[in-house]
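The structure appears right after this line, and notes come after that.
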2 protein chains.
Amino acid sequence: MTPARSRRPGAPTRTDRGIPEATVARLPVYLRALTALSDSGIATASSEDLATAAGVNSAKLRKDLSYLGSYGTRGVGYDVEYLRYQIAREIGVTQDWAVVIVGIGNLGHALANYSGFGTRGFRIVALLDADPKLVGERIGDMVVRDFAELEEIVAADRVSIGVITTPAGPAQEVCDRLVSAGVTSILNFAPVVLSVPAGVDIRKVDLSIELQILAYHEQRKSGEAALPEVPELPAMNGVVTDLPSVGGGVGA
Amino acid sequence: MTPARSRRPGAPTRTDRGIPEATVARLPVYLRALTALSDSGIATASSEDLATAAGVNSAKLRKDLSYLGSYGTRGVGYDVEYLRYQIAREIGVTQDWAVVIVGIGNLGHALANYSGFGTRGFRIVALLDADPKLVGERIGDMVVRDFAELEEIVAADRVSIGVITTPAGPAQEVCDRLVSAGVTSILNFAPVVLSVPAGVDIRKVDLSIELQILAYHEQRKSGEAALPEVPELPAMNGVVTDLPSVGGGVGA
DNA sequence: TCGATTTTGTTCTCACGTTCACAAGCTCCT
DNA sequence: AGGAGCTTGTGAACGTGAGAACAAAATCGA
């Protein structure tokens, strides 16, 4: 056990391996909260302060941070800048990750311009589309390039993250191409379930699913007062048909 | 207990109250899978088939569906159309929900055109922005209206869902206005933690957080081979500074 | 130097979600 | 009619995550 370099005598025992997924998902939120505090000129914050800023429970926040090591000071709190660096390093955004966006429709267009994407830590190196009519178009300070150039770009710029903003139809094929070109992390906006080999990470953002989840709870709210009993088979008790195409535009 | 209307003799005991949140989040995925199967002309599917299409474990799928009732047939599977209707009804997308989008920047623009939003079950009734330069602009078959008209629109169209695509700065204020106008479900794309009173549901979609989660795992992958030991305080053992502005563009 | 006060880091308990495994139930074939 | 073969629905075991509570450590003042 490396004798605890300059940090603490208690030695963080290298909690490095195995941060729970739920915690990983919250680290970026803490990072943002710390950045906001830092911008407000606040140098030190307690777990309570941070938790409020991040919208979580303070016990949960402390436990989350404890997976990274002991970066706080008992009786005092956390040094904002120091903690910010530690979280940024843990997440990996102290280095720059090269990103390609595939599918320059409405959404791809928006993401290409989206400043939130320009978050330090990520660098969009190419906008790709298979449609010849789009290739060559300027968006901000970038030019849309042909999807055929994918492999070349991935190799040249060491791209590890791909963003898919195509329609559902071509998404799996685009995904396969990305993976075989060497991309190992994918953020998918297309409304399909993509399958990838082991070792490739995939995350999905789906507008209509989010809306549907809201709708479920919304229905519960209105139903609560209106029909507290017998919310079973409101109309339609036998026949099935006539439902149009609920469920999201699979296919173009 | 209402004597089980016309459906089954086993009586679903009205599992209606209390579907686990994790299950609710998957129902839209099942709905989409069923729609795809239906479009392929498949009339019956086993839990195994469905699970594959939805990208989940078949046991999990069966348990999820069991919360809605007993809609399958042992030895046979599920009737695709029938199950599709039941899930759509449970989620609440057999009716139409009125939606307003606030903040017609890049993202709002894209969402206004995004066909996935046109998923049956939701109807965009207004695009709002506070910027006079944007008001009046045509997007598809809609016209951007002034944010000041919010209350009027919400009341007239019984809007229950609001989508926030403003920058982080004005998001909380927009959120408050939406809530006080009567909106009870909010989908937030702005990179801030919004606070809402009890009774209002809020969901967040955050591009940079998704990217950061991918980056974390990506770093793990590269690091696995490169530095299997001593991944502790690589550079920087004392000083903190120099980290630019990691953490997302809070403020415009 | 010592005690009071503050706040972290951690332990313990409980709730939730996932997966396994199997009985119950349906269809089809003989 | 009866048995073989599937497939659902669910009970039970397991793992992960959340929250309460508290001991350990730091600061500050007397």
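Chain labels run A, B, ... following the order of the structure tokens; each chain numbers its residues from 1, and ligands are numbered from 1 in the order shown.
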
Each chain C residue no farther than 10 Å from chain B, nearest pair in Å, only C-alpha atoms (C1' of nucleotides), as a tab-separated table:
```
residue	atom	partner	partner_atom	distance
C:DC16	C1'	B:Pro20	CA	8.6
C:DG17	C1'	B:Ala22	CA	7.6
C:DT18	C1'	B:Lys60	CA	7.2
C:DT19	C1'	B:Ala59	CA	7.3
C:DC20	C1'	B:Ala59	CA	8.8
C:DA24	C1'	B:Arg74	CA	8.8
C:DG25	C1'	B:Arg74	CA	5.9
C:DC26	C1'	B:Arg74	CA	5.2
C:DT27	C1'	B:Gly75	CA	6.8
```

- Residue contacts of Asp146 (chain B) (7 Å, only C-alpha atoms (C1' of nucleotides)) excluding same-chain residues fewer than 5 positions away, as a PyMOL selection string: chain B and resi 128-130+135

Taking C-alpha atoms for each residue, export the selection above as a PDB file, in the first residue's frame.
```pdb
ATOM      1  CA  LEU B 128     -42.710  30.604 -26.414  1.00  0.00           C
ATOM      2  CA  ASP B 129     -39.763  32.923 -26.073  1.00  0.00           C
ATOM      3  CA  ALA B 130     -39.172  36.205 -24.302  1.00  0.00           C
ATOM      4  CA  VAL B 135     -41.544  36.209 -31.542  1.00  0.00           C
TER       5      VAL B 135
END
```

- Message: Going by DSSP on the backbone, which residues of region 1-225 of chain B come out as alpha helix (DSSP H)? List them as a PyMOL selection string.
- Response: chain B and resi 21-39+47-54+58-66+80-91+106-113+150-157+168-181+207-225

- Task: Compute the set of chain D residues within 6 Å of chain B, using only C-alpha atoms (C1' of nucleotides), and express it as a PyMOL selection string.
- Result: chain D and resi 6-8

Mind dumping the selected residues with N, CA and C atoms (P, O5', C5', C4', C3', O3' and C1' of nucleotides) as a PDB file, in the first residue's frame?
```pdb
ATOM      1  P    DC D   6     -40.980 -27.844 -26.303  1.00  0.00           P
ATOM      2  O5'  DC D   6     -41.425 -26.339 -26.142  1.00  0.00           O
ATOM      3  C5'  DC D   6     -42.355 -26.059 -25.122  1.00  0.00           C
ATOM      4  C4'  DC D   6     -43.228 -24.891 -25.533  1.00  0.00           C
ATOM      5  C3'  DC D   6     -42.617 -23.560 -25.106  1.00  0.00           C
ATOM      6  O3'  DC D   6     -43.127 -22.520 -25.913  1.00  0.00           O
ATOM      7  C1'  DC D   6     -44.415 -24.171 -23.653  1.00  0.00           C
ATOM      8  P    DT D   7     -42.434 -21.079 -25.878  1.00  0.00           P
ATOM      9  O5'  DT D   7     -43.262 -20.361 -24.729  1.00  0.00           O
ATOM     10  C5'  DT D   7     -44.626 -20.053 -24.950  1.00  0.00           C
ATOM     11  C4'  DT D   7     -45.162 -19.355 -23.724  1.00  0.00           C
ATOM     12  C3'  DT D   7     -44.223 -18.292 -23.138  1.00  0.00           C
ATOM     13  O3'  DT D   7     -44.995 -17.168 -22.771  1.00  0.00           O
ATOM     14  C1'  DT D   7     -44.825 -19.826 -21.482  1.00  0.00           C
ATOM     15  P    DT D   8     -44.258 -15.834 -22.205  1.00  0.00           P
ATOM     16  O5'  DT D   8     -45.246 -15.543 -21.008  1.00  0.00           O
ATOM     17  C5'  DT D   8     -46.648 -15.522 -21.273  1.00  0.00           C
ATOM     18  C4'  DT D   8     -47.416 -15.824 -20.004  1.00  0.00           C
ATOM     19  C3'  DT D   8     -47.305 -14.744 -18.924  1.00  0.00           C
ATOM     20  O3'  DT D   8     -48.599 -14.465 -18.424  1.00  0.00           O
ATOM     21  C1'  DT D   8     -46.643 -16.848 -18.046  1.00  0.00           C
TER      22       DT D   8
END
```

- Which is closer to chain B than all the others in A:Gln172, A:Asn106, A:Asn188, A:Ser40, using only C-alpha atoms?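 Closest to chain B, using only C-alpha atoms: A:Asn106.
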
- Item | Shortest interatomic distance to chain B - which of A:Val80, A:Met142, A:Ala148, A:Cys175, counting only C-alpha atoms |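 Using only C-alpha atoms, chain B sits closest to A:Val80.
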
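Across the model, the gap from CA of Glu218 (chain B) to CA of Val196 (chain A) is 15.1 Å.
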
- Message: Using Å and a single decimal, report how far CA of Asp206 (chain B) sits from CA of Pro191 (chain B).
- Response: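 Atom-to-atom, CA of Pro191 (chain B) to CA of Asp206 (chain B), that is 6.3 Å.
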
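The closest residue to chain B, picked from A:Val163, A:Ala171, A:Val144, A:Ala126 and counting only C-alpha atoms, is A:Val163.
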
- Message: So that I can check the secondary structure, give me every residue of region 49-137 of chain A assigned strand (DSSP E or B) by backbone DSSP, as a ChimeraX atom specification.
- Response: /A:72-73,77-79,97-102,122-129

- Between A:Asp96, A:Asp64, A:Ile42, A:Leu134, which is the closest to chain B once you count only C-alpha atoms? A:Asp96

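Note that CA of Tyr30 (chain A) and CA of Phe189 (chain B) are 17.3 Å apart.
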
- Message: My list of candidates is A:Lys133, A:Arg123, A:His109, A:Arg138. Which is closest to chain B when distances are computed with only C-alpha atoms?
- Response: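 Of the candidates, the smallest distance to chain B is held by A:His109.
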
- Task: Determine, counting only C-alpha atoms (C1' of nucleotides), which protein, DNA and RNA residues have an atom within 12 Å of an atom of DC29 (chain C); residues of the same chain fewer than 6 positions away are not included. Present the result as an MDAnalysis selection string.
- Result: chainID D and resid 1:5

- So which one's closest to chain A, B:Val205, B:Ala190, B:Val200, B:Ile91? Using only C-alpha atoms, please.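 Among the listed residues, the smallest separation from chain A belongs to B:Ile91.
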
- Which neighbours of Arg177 (chain A) fall inside 9 Å, counting only C-alpha atoms (C1' of nucleotides), when residues of the same chain fewer than 6 positions from it are skipped, and could you give them as a list in words?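 Once the adjacent positions are removed, what remains is Leu150, Glu151 and Val183 of chain A.
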
Grab the residues selected above and save them as a PDB file, in the first residue's frame with C-alpha atoms.
```
ATOM      1  CA  LEU A 150     -15.724   8.250 -40.453  1.00  0.00           C
ATOM      2  CA  GLU A 151     -12.947   5.687 -40.091  1.00  0.00           C
ATOM      3  CA  VAL A 183     -15.403   4.351 -30.963  1.00  0.00           C
TER       4      VAL A 183
END
```

- Counting only C-alpha atoms (C1' of nucleotides), what is within 10 Å of DA24 (chain D), bar same-chain residues fewer than 5 positions away, as JSON, numbers by chain? {"A": [74], "C": [8, 9, 10]}
